[in-house]
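> One file: entry_28.cif (mmCIF, C-alpha atoms, pLDDT in the B column; chains and numbers go by the auth columns).
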```
data_query
loop_
_atom_site.group_PDB
_atom_site.id
_atom_site.type_symbol
_atom_site.label_atom_id
_atom_site.label_comp_id
_atom_site.label_asym_id
_atom_site.label_seq_id
_atom_site.Cartn_x
_atom_site.Cartn_y
_atom_site.Cartn_z
_atom_site.B_iso_or_equiv
_atom_site.auth_seq_id
_atom_site.auth_asym_id
ATOM 1 C CA MET A 1 9.163 43.059 -75.531 40.00 1 A
ATOM 2 C CA ALA A 2 7.509 43.228 -78.914 42.00 2 A
ATOM 3 C CA VAL A 3 9.353 42.692 -82.152 41.00 3 A
ATOM 4 C CA SER A 4 10.653 45.938 -83.608 39.00 4 A
ATOM 5 C CA SER A 5 12.984 47.114 -86.344 36.00 5 A
ATOM 6 C CA VAL A 6 15.936 46.922 -83.955 41.00 6 A
ATOM 7 C CA ILE A 7 15.911 43.152 -84.447 43.00 7 A
ATOM 8 C CA TRP A 8 16.921 43.554 -88.032 43.00 8 A
ATOM 9 C CA SER A 9 19.505 46.271 -87.482 44.00 9 A
ATOM 10 C CA THR A 10 22.985 45.464 -88.782 43.00 10 A
ATOM 11 C CA SER A 11 24.693 47.631 -86.131 46.00 11 A
ATOM 12 C CA LEU A 12 23.573 46.372 -82.748 45.00 12 A
ATOM 13 C CA PRO A 13 25.239 47.898 -79.663 50.00 13 A
ATOM 14 C CA ASP A 14 28.048 45.976 -77.937 65.00 14 A
ATOM 15 C CA TYR A 15 25.805 45.280 -74.956 71.00 15 A
ATOM 16 C CA ASP A 16 22.017 45.167 -74.742 76.00 16 A
ATOM 17 C CA PHE A 17 21.103 45.652 -71.101 76.00 17 A
ATOM 18 C CA ARG A 18 17.346 45.825 -71.574 84.00 18 A
ATOM 19 C CA THR A 19 16.567 42.580 -73.382 91.00 19 A
ATOM 20 C CA LYS A 20 16.387 39.569 -71.055 93.00 20 A
ATOM 21 C CA ARG A 21 19.110 36.919 -71.385 95.00 21 A
ATOM 22 C CA LEU A 22 18.834 33.143 -71.072 96.00 22 A
ATOM 23 C CA PHE A 23 21.473 30.419 -70.807 96.00 23 A
ATOM 24 C CA VAL A 24 20.728 27.311 -72.892 95.00 24 A
ATOM 25 C CA ASP A 25 22.617 24.058 -73.457 92.00 25 A
ATOM 26 C CA ASP A 26 21.685 23.884 -77.144 93.00 26 A
ATOM 27 C CA PRO A 27 24.161 24.655 -79.928 94.00 27 A
ATOM 28 C CA LEU A 28 23.455 28.090 -81.420 96.00 28 A
ATOM 29 C CA ILE A 29 25.684 28.231 -84.506 94.00 29 A
ATOM 30 C CA ASP A 30 24.112 26.859 -87.704 91.00 30 A
ATOM 31 C CA THR A 31 20.909 26.221 -85.745 91.00 31 A
ATOM 32 C CA PRO A 32 17.804 27.942 -87.154 94.00 32 A
ATOM 33 C CA ALA A 33 15.596 27.221 -84.138 94.00 33 A
ATOM 34 C CA ILE A 34 15.582 25.634 -80.683 94.00 34 A
ATOM 35 C CA THR A 35 12.924 24.310 -78.331 94.00 35 A
ATOM 36 C CA LEU A 36 13.431 25.174 -74.672 93.00 36 A
ATOM 37 C CA ASN A 37 13.218 22.511 -71.999 90.00 37 A
ATOM 38 C CA ARG A 38 10.382 22.593 -69.479 89.00 38 A
ATOM 39 C CA ASP A 39 12.169 24.666 -66.814 89.00 39 A
ATOM 40 C CA ALA A 40 13.438 27.235 -69.312 92.00 40 A
ATOM 41 C CA SER A 41 10.025 27.442 -70.963 93.00 41 A
ATOM 42 C CA HIS A 42 8.386 28.063 -67.573 90.00 42 A
ATOM 43 C CA TYR A 43 10.913 30.799 -66.825 91.00 43 A
ATOM 44 C CA VAL A 44 10.410 32.530 -70.177 93.00 44 A
ATOM 45 C CA ILE A 45 6.616 32.262 -70.299 92.00 45 A
ATOM 46 C CA THR A 46 5.565 32.475 -66.638 90.00 46 A
ATOM 47 C CA VAL A 47 8.365 34.430 -64.927 91.00 47 A
ATOM 48 C CA LEU A 48 9.430 36.785 -67.714 91.00 48 A
ATOM 49 C CA ARG A 49 5.903 36.877 -69.166 92.00 49 A
ATOM 50 C CA LEU A 50 7.111 36.684 -72.752 92.00 50 A
ATOM 51 C CA GLY A 51 4.967 35.333 -75.553 91.00 51 A
ATOM 52 C CA GLN A 52 4.879 34.709 -79.266 91.00 52 A
ATOM 53 C CA GLY A 53 6.796 37.376 -81.198 93.00 53 A
ATOM 54 C CA ASP A 54 8.834 38.566 -78.207 94.00 54 A
ATOM 55 C CA VAL A 55 12.627 38.376 -78.226 95.00 55 A
ATOM 56 C CA ILE A 56 15.270 37.203 -75.781 96.00 56 A
ATOM 57 C CA LEU A 57 19.072 36.963 -75.897 96.00 57 A
ATOM 58 C CA LEU A 58 20.490 33.425 -75.777 97.00 58 A
ATOM 59 C CA PHE A 59 23.973 32.121 -74.948 97.00 59 A
ATOM 60 C CA ASN A 60 25.527 28.735 -74.152 96.00 60 A
ATOM 61 C CA GLY A 61 29.070 29.650 -73.133 95.00 61 A
ATOM 62 C CA ARG A 62 30.487 28.482 -76.488 95.00 62 A
ATOM 63 C CA ASP A 63 28.777 30.132 -79.443 96.00 63 A
ATOM 64 C CA GLY A 64 28.493 33.788 -78.482 96.00 64 A
ATOM 65 C CA GLU A 65 25.189 35.562 -77.930 96.00 65 A
ATOM 66 C CA TRP A 66 22.165 35.269 -80.212 96.00 66 A
ATOM 67 C CA LEU A 67 18.860 37.071 -80.542 96.00 67 A
ATOM 68 C CA GLY A 68 15.986 34.610 -80.396 96.00 68 A
ATOM 69 C CA GLN A 69 12.369 35.311 -81.273 96.00 69 A
ATOM 70 C CA ILE A 70 9.614 33.238 -79.690 95.00 70 A
ATOM 71 C CA ASP A 71 7.872 31.401 -82.495 92.00 71 A
ATOM 72 C CA LYS A 72 5.534 29.271 -80.395 89.00 72 A
ATOM 73 C CA ALA A 73 4.638 29.407 -76.713 86.00 73 A
ATOM 74 C CA ASP A 74 2.187 27.566 -74.529 81.00 74 A
ATOM 75 C CA ARG A 75 2.086 26.588 -70.861 73.00 75 A
ATOM 76 C CA LYS A 76 4.585 23.749 -71.228 80.00 76 A
ATOM 77 C CA SER A 77 7.004 24.662 -73.999 86.00 77 A
ATOM 78 C CA ALA A 78 8.484 27.485 -76.020 92.00 78 A
ATOM 79 C CA ALA A 79 10.154 27.322 -79.412 93.00 79 A
ATOM 80 C CA LEU A 80 12.442 30.096 -80.666 95.00 80 A
ATOM 81 C CA LYS A 81 13.923 30.925 -84.038 96.00 81 A
ATOM 82 C CA LEU A 82 17.423 32.403 -84.024 96.00 82 A
ATOM 83 C CA VAL A 83 17.432 35.794 -85.719 95.00 83 A
ATOM 84 C CA GLN A 84 21.094 36.810 -85.648 94.00 84 A
ATOM 85 C CA GLN A 85 24.263 36.677 -83.580 95.00 85 A
ATOM 86 C CA THR A 86 24.593 39.802 -81.462 95.00 86 A
ATOM 87 C CA ARG A 87 28.085 39.106 -80.031 94.00 87 A
ATOM 88 C CA PRO A 88 30.752 36.552 -80.956 95.00 88 A
ATOM 89 C CA GLN A 89 32.265 34.327 -78.267 95.00 89 A
ATOM 90 C CA PRO A 90 35.226 36.247 -76.787 91.00 90 A
ATOM 91 C CA GLU A 91 38.575 34.720 -75.935 90.00 91 A
ATOM 92 C CA GLN A 92 38.597 33.697 -72.269 89.00 92 A
ATOM 93 C CA THR A 93 41.441 34.675 -69.938 91.00 93 A
ATOM 94 C CA ASP A 94 42.501 31.535 -68.045 95.00 94 A
ATOM 95 C CA ILE A 95 42.070 32.488 -64.379 97.00 95 A
ATOM 96 C CA GLU A 96 41.073 29.730 -61.974 97.00 96 A
ATOM 97 C CA TYR A 97 39.531 30.740 -58.643 97.00 97 A
ATOM 98 C CA LEU A 98 40.680 28.499 -55.790 97.00 98 A
ATOM 99 C CA PHE A 99 38.684 29.229 -52.646 95.00 99 A
ATOM 100 C CA ALA A 100 37.899 27.731 -49.256 92.00 100 A
ATOM 101 C CA PRO A 101 34.096 27.278 -49.006 90.00 101 A
ATOM 102 C CA ILE A 102 32.201 29.632 -46.692 87.00 102 A
ATOM 103 C CA LYS A 103 28.618 29.732 -45.416 82.00 103 A
ATOM 104 C CA SER A 104 25.862 29.663 -48.010 77.00 104 A
ATOM 105 C CA ALA A 105 24.692 33.290 -48.304 83.00 105 A
ATOM 106 C CA ARG A 106 28.227 34.618 -48.636 87.00 106 A
ATOM 107 C CA LEU A 107 29.195 31.679 -50.841 90.00 107 A
ATOM 108 C CA ASP A 108 26.435 32.773 -53.240 92.00 108 A
ATOM 109 C CA TYR A 109 28.034 36.228 -53.353 93.00 109 A
ATOM 110 C CA LEU A 110 31.532 34.763 -53.800 93.00 110 A
ATOM 111 C CA VAL A 111 30.435 32.628 -56.757 95.00 111 A
ATOM 112 C CA GLN A 112 28.485 35.440 -58.428 95.00 112 A
ATOM 113 C CA LYS A 113 31.371 37.905 -58.161 95.00 113 A
ATOM 114 C CA ALA A 114 33.886 35.356 -59.476 96.00 114 A
ATOM 115 C CA VAL A 115 31.737 34.971 -62.604 96.00 115 A
ATOM 116 C CA GLU A 116 31.422 38.734 -63.024 95.00 116 A
ATOM 117 C CA MET A 117 35.186 39.193 -62.603 95.00 117 A
ATOM 118 C CA GLY A 118 36.023 36.672 -65.321 95.00 118 A
ATOM 119 C CA ALA A 119 36.859 33.374 -63.623 97.00 119 A
ATOM 120 C CA SER A 120 37.373 30.524 -66.080 96.00 120 A
ATOM 121 C CA ARG A 121 37.023 27.779 -63.439 97.00 121 A
ATOM 122 C CA LEU A 122 35.880 27.640 -59.804 97.00 122 A
ATOM 123 C CA VAL A 123 37.653 25.174 -57.517 97.00 123 A
ATOM 124 C CA PRO A 124 36.474 24.666 -53.899 95.00 124 A
ATOM 125 C CA VAL A 125 39.549 23.888 -51.761 95.00 125 A
ATOM 126 C CA LEU A 126 39.360 22.211 -48.351 94.00 126 A
ATOM 127 C CA THR A 127 41.954 23.436 -45.840 93.00 127 A
ATOM 128 C CA LYS A 128 42.679 22.794 -42.181 90.00 128 A
ATOM 129 C CA HIS A 129 40.641 25.819 -41.075 86.00 129 A
ATOM 130 C CA THR A 130 37.812 25.554 -43.607 86.00 130 A
ATOM 131 C CA GLN A 131 34.660 26.058 -41.556 77.00 131 A
ATOM 132 C CA PHE A 132 32.079 24.954 -44.105 71.00 132 A
ATOM 133 C CA SER A 133 32.489 22.009 -46.455 63.00 133 A
ATOM 134 C CA ARG A 134 28.985 20.742 -47.338 76.00 134 A
ATOM 135 C CA LEU A 135 28.618 22.261 -50.759 84.00 135 A
ATOM 136 C CA ASN A 136 25.336 22.474 -52.625 89.00 136 A
ATOM 137 C CA GLU A 137 26.758 22.112 -56.146 92.00 137 A
ATOM 138 C CA GLU A 138 23.354 22.545 -57.790 93.00 138 A
ATOM 139 C CA ARG A 139 22.906 25.885 -56.015 93.00 139 A
ATOM 140 C CA MET A 140 26.431 26.962 -56.986 94.00 140 A
ATOM 141 C CA ARG A 141 25.834 26.140 -60.645 95.00 141 A
ATOM 142 C CA ALA A 142 22.536 28.050 -60.544 95.00 142 A
ATOM 143 C CA ASN A 143 24.396 31.073 -59.159 95.00 143 A
ATOM 144 C CA ILE A 144 27.019 30.796 -61.900 97.00 144 A
ATOM 145 C CA ILE A 145 24.370 30.813 -64.627 96.00 145 A
ATOM 146 C CA GLU A 146 22.297 33.570 -63.007 95.00 146 A
ATOM 147 C CA ALA A 147 25.350 35.828 -62.696 96.00 147 A
ATOM 148 C CA ALA A 148 26.274 35.214 -66.342 95.00 148 A
ATOM 149 C CA GLU A 149 22.702 35.954 -67.470 95.00 149 A
ATOM 150 C CA GLN A 150 22.430 39.179 -65.489 92.00 150 A
ATOM 151 C CA CYS A 151 25.878 40.629 -66.259 92.00 151 A
ATOM 152 C CA GLY A 152 26.249 39.959 -69.956 91.00 152 A
ATOM 153 C CA VAL A 153 28.973 37.358 -69.409 92.00 153 A
ATOM 154 C CA LEU A 154 29.315 34.923 -72.307 95.00 154 A
ATOM 155 C CA HIS A 155 31.703 32.445 -70.696 94.00 155 A
ATOM 156 C CA VAL A 156 30.165 30.114 -68.111 95.00 156 A
ATOM 157 C CA PRO A 157 32.889 28.963 -65.690 96.00 157 A
ATOM 158 C CA GLU A 158 33.324 25.284 -64.953 96.00 158 A
ATOM 159 C CA LEU A 159 32.644 24.215 -61.347 96.00 159 A
ATOM 160 C CA ALA A 160 35.284 21.675 -60.320 96.00 160 A
ATOM 161 C CA PRO A 161 34.741 19.087 -57.569 94.00 161 A
ATOM 162 C CA GLU A 162 36.032 20.099 -54.143 94.00 162 A
ATOM 163 C CA ILE A 163 39.638 19.096 -53.478 95.00 163 A
ATOM 164 C CA LYS A 164 41.929 19.063 -50.457 95.00 164 A
ATOM 165 C CA LEU A 165 44.702 21.654 -50.488 96.00 165 A
ATOM 166 C CA ASP A 166 47.536 19.112 -50.344 96.00 166 A
ATOM 167 C CA ALA A 167 46.075 17.223 -53.312 97.00 167 A
ATOM 168 C CA LEU A 168 45.675 20.455 -55.280 97.00 168 A
ATOM 169 C CA LEU A 169 49.290 21.451 -54.652 97.00 169 A
ATOM 170 C CA SER A 170 50.704 17.982 -55.370 96.00 170 A
ATOM 171 C CA GLN A 171 49.284 18.058 -58.903 95.00 171 A
ATOM 172 C CA TRP A 172 49.898 21.740 -59.612 96.00 172 A
ATOM 173 C CA ASP A 173 50.697 22.541 -63.245 94.00 173 A
ATOM 174 C CA SER A 174 54.062 24.339 -63.321 92.00 174 A
ATOM 175 C CA ALA A 175 52.880 26.392 -66.327 95.00 175 A
ATOM 176 C CA ARG A 176 50.157 28.032 -64.199 97.00 176 A
ATOM 177 C CA THR A 177 51.112 30.852 -61.827 97.00 177 A
ATOM 178 C CA LEU A 178 49.713 30.390 -58.325 97.00 178 A
ATOM 179 C CA VAL A 179 48.717 33.801 -56.974 97.00 179 A
ATOM 180 C CA PHE A 180 48.759 33.302 -53.204 96.00 180 A
ATOM 181 C CA CYS A 181 46.921 36.066 -51.345 93.00 181 A
ATOM 182 C CA ASP A 182 49.318 36.489 -48.430 90.00 182 A
ATOM 183 C CA GLU A 183 49.318 39.275 -45.847 86.00 183 A
ATOM 184 C CA ARG A 184 52.993 38.462 -45.195 87.00 184 A
ATOM 185 C CA ALA A 185 54.091 38.931 -48.806 88.00 185 A
ATOM 186 C CA ASP A 186 57.656 40.248 -49.202 88.00 186 A
ATOM 187 C CA ILE A 187 56.535 42.748 -51.859 88.00 187 A
ATOM 188 C CA GLN A 188 53.781 44.869 -50.339 90.00 188 A
ATOM 189 C CA ASP A 189 52.927 46.584 -53.624 93.00 189 A
ATOM 190 C CA PRO A 190 50.545 44.108 -55.322 94.00 190 A
ATOM 191 C CA ILE A 191 50.950 45.697 -58.761 94.00 191 A
ATOM 192 C CA ALA A 192 54.730 45.323 -58.591 94.00 192 A
ATOM 193 C CA ALA A 193 54.393 41.702 -57.477 94.00 193 A
ATOM 194 C CA LEU A 194 52.132 40.870 -60.415 95.00 194 A
ATOM 195 C CA GLN A 195 54.246 42.764 -62.929 94.00 195 A
ATOM 196 C CA ALA A 196 57.125 40.442 -62.016 93.00 196 A
ATOM 197 C CA THR A 197 54.948 37.431 -62.881 92.00 197 A
ATOM 198 C CA LYS A 198 55.199 35.722 -66.253 88.00 198 A
ATOM 199 C CA PRO A 199 52.111 35.971 -68.479 89.00 199 A
ATOM 200 C CA GLY A 200 49.976 32.859 -68.854 93.00 200 A
ATOM 201 C CA PRO A 201 47.341 30.880 -66.971 96.00 201 A
ATOM 202 C CA VAL A 202 46.738 31.886 -63.357 97.00 202 A
ATOM 203 C CA GLY A 203 45.192 30.392 -60.248 97.00 203 A
ATOM 204 C CA ILE A 204 44.065 32.783 -57.475 98.00 204 A
ATOM 205 C CA LEU A 205 44.196 31.101 -54.055 97.00 205 A
ATOM 206 C CA ILE A 206 42.067 32.624 -51.269 94.00 206 A
ATOM 207 C CA GLY A 207 42.327 31.071 -47.825 89.00 207 A
ATOM 208 C CA PRO A 208 39.639 30.356 -45.227 87.00 208 A
ATOM 209 C CA GLU A 209 38.607 32.928 -42.652 82.00 209 A
ATOM 210 C CA GLY A 210 40.876 31.231 -40.112 82.00 210 A
ATOM 211 C CA GLY A 211 43.824 31.554 -42.491 87.00 211 A
ATOM 212 C CA PHE A 212 46.225 28.852 -43.625 91.00 212 A
ATOM 213 C CA SER A 213 48.099 26.758 -41.096 92.00 213 A
ATOM 214 C CA SER A 214 51.908 26.993 -40.897 93.00 214 A
ATOM 215 C CA ASP A 215 52.244 23.632 -42.659 95.00 215 A
ATOM 216 C CA GLU A 216 49.887 24.730 -45.424 95.00 216 A
ATOM 217 C CA ARG A 217 51.801 27.969 -45.938 94.00 217 A
ATOM 218 C CA ASP A 218 55.036 25.999 -46.245 94.00 218 A
ATOM 219 C CA GLN A 219 53.427 23.718 -48.848 95.00 219 A
ATOM 220 C CA ILE A 220 52.123 26.670 -50.847 96.00 220 A
ATOM 221 C CA LEU A 221 55.468 28.473 -50.853 95.00 221 A
ATOM 222 C CA LYS A 222 57.196 25.389 -52.246 95.00 222 A
ATOM 223 C CA ILE A 223 55.320 25.799 -55.546 95.00 223 A
ATOM 224 C CA PRO A 224 57.944 27.151 -58.004 92.00 224 A
ATOM 225 C CA ALA A 225 55.470 29.396 -59.830 93.00 225 A
ATOM 226 C CA VAL A 226 53.990 31.072 -56.744 96.00 226 A
ATOM 227 C CA THR A 227 53.405 34.836 -56.558 96.00 227 A
ATOM 228 C CA ARG A 228 52.640 36.184 -53.094 95.00 228 A
ATOM 229 C CA LEU A 229 50.046 38.946 -53.318 94.00 229 A
ATOM 230 C CA SER A 230 49.402 41.523 -50.597 93.00 230 A
ATOM 231 C CA LEU A 231 45.849 42.876 -50.478 92.00 231 A
ATOM 232 C CA GLY A 232 46.705 45.921 -48.397 88.00 232 A
ATOM 233 C CA PRO A 233 46.816 46.834 -44.708 87.00 233 A
ATOM 234 C CA ARG A 234 43.261 45.778 -43.830 87.00 234 A
ATOM 235 C CA ILE A 235 42.010 42.270 -43.082 86.00 235 A
ATOM 236 C CA LEU A 236 39.463 41.344 -45.743 89.00 236 A
ATOM 237 C CA ARG A 237 36.729 38.746 -45.496 90.00 237 A
ATOM 238 C CA ALA A 238 37.193 35.831 -47.885 89.00 238 A
ATOM 239 C CA ASP A 239 34.514 36.968 -50.338 90.00 239 A
ATOM 240 C CA THR A 240 35.869 40.541 -50.408 93.00 240 A
ATOM 241 C CA ALA A 241 39.454 39.307 -50.805 93.00 241 A
ATOM 242 C CA GLY A 242 38.435 37.379 -53.907 93.00 242 A
ATOM 243 C CA VAL A 243 37.034 40.476 -55.630 95.00 243 A
ATOM 244 C CA ALA A 244 40.118 42.522 -54.699 95.00 244 A
ATOM 245 C CA ALA A 245 42.504 39.836 -55.980 96.00 245 A
ATOM 246 C CA PHE A 246 40.579 39.449 -59.245 96.00 246 A
ATOM 247 C CA ALA A 247 40.645 43.196 -59.857 96.00 247 A
ATOM 248 C CA LEU A 248 44.426 43.276 -59.430 96.00 248 A
ATOM 249 C CA VAL A 249 45.072 40.180 -61.547 96.00 249 A
ATOM 250 C CA GLN A 250 42.763 41.289 -64.358 95.00 250 A
ATOM 251 C CA ALA A 251 44.335 44.767 -64.401 95.00 251 A
ATOM 252 C CA VAL A 252 47.921 43.491 -64.649 95.00 252 A
ATOM 253 C CA LEU A 253 47.715 40.036 -66.254 93.00 253 A
ATOM 254 C CA GLY A 254 44.169 39.656 -67.531 91.00 254 A
ATOM 255 C CA ASP A 255 41.650 41.196 -69.910 88.00 255 A
ATOM 256 C CA TRP A 256 41.515 44.638 -68.274 85.00 256 A
ATOM 257 C CA ARG A 257 44.862 45.538 -69.828 79.00 257 A
ATOM 258 C CA MET A 258 45.017 48.028 -72.666 61.00 258 A
ATOM 259 C CA LYS A 259 45.134 46.125 -75.942 57.00 259 A
#
```
Could you spell out this file's structure in structure tokens?

Amino acid sequence: MAVSSVIWSTSLPDYDFRTKRLFVDDPLIDTPAITLNRDASHYVITVLRLGQGDVILLFNGRDGEWLGQIDKADRKSAALKLVQQTRPQPEQTDIEYLFAPIKSARLDYLVQKAVEMGASRLVPVLTKHTQFSRLNEERMRANIIEAAEQCGVLHVPELAPEIKLDALLSQWDSARTLVFCDERADIQDPIAALQATKPGPVGILIGPEGGFSSDERDQILKIPAVTRLSLGPRILRADTAGVAAFALVQAVLGDWRMK
């Protein structure tokens, strides 16, 4: 994309869906220019086919989104000057996603959708019936960044190390509501169940495809700040259940609410 007068406009749209976006580790505030590392340079120059004078949107998960213009580009490196901030860093709703790992292709989907739906932290949880536990953390982080780049997300969720369910529950923060997706929930209306929940940080717990064992259910229900959430009359796959739970939580407790 060639440089045009839109770069210098003082009233940029809230979202620019046509300009390519790139995650970088560099600080972006009070930084006139950055030099991309080798992998990022290859992506910008070879994959995106951008060159000197072209623009790209940059974000690092901390400093909002910035418009960068390629100042120098060759086969091994690219340097960009920062033109202006296009979006400030928004406040992040604190919603942790606690999930039992599933097989790789569907795990990719699960991670991508969690980013799109506004997860602040992803926590792989090992349960009795977890069928897949060999996580490729590098692949998961790549999926997190790719989803953020493609969907205009400015917060990049943290990926926590995998943890066993009993260890997770034993150190549970009482200030964080545990939203337990439970087909046996006493309140079948999920909106009503969430409306009875105190505002604040949330953890959404999605079980494995084999479900939680009786002992695990007992442990979960002992958490004082637990909210049992019904996801309707149909049995949902783990990756679908996560999207459904996020939609409900964001609508009632999160950043989908009317301000």
> Which neighbours of region 169-181 of chain A fall inside 9 Å, counting only C-alpha atoms, when residues of the same chain fewer than 3 positions from it are skipped, and could you give them as a PyMOL selection string?
chain A and resi 164-166+184-185+194+197-207+219-221+223-231+241-242+245+249
> Would you kindly return, as a ChimeraX atom specification, each protein, DNA or RNA residue with an atom no farther than 10 Å from any atom of Cys151 (chain A), considering only C-alpha atoms and excluding same-chain residues fewer than 2 positions away?
/A:15,17,21,112,115-116,146-149,153-154
> For Arg87 (chain A), which residue among A:Leu67, A:Ala100, A:Ala73, A:Val47 is the nearest when counting only C-alpha atoms?
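Among the listed residues, A:Leu67 lies closest to Arg87 (chain A).
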> Return the single residue from A:Lys113, A:His155, A:Arg237, A:Arg141 that is closest to Glu65 (chain A), with distances computed using all atoms listed in the file.
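Nearest candidate to Glu65 (chain A) out of A:Lys113, A:His155, A:Arg237, A:Arg141: A:His155.
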> Could you tell me how far CA of Glu209 (chain A) sits from CA of Arg134 (chain A), in Å to one decimal place?
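Taking CA of Arg134 (chain A) and CA of Glu209 (chain A), their separation equals 16.2 Å.
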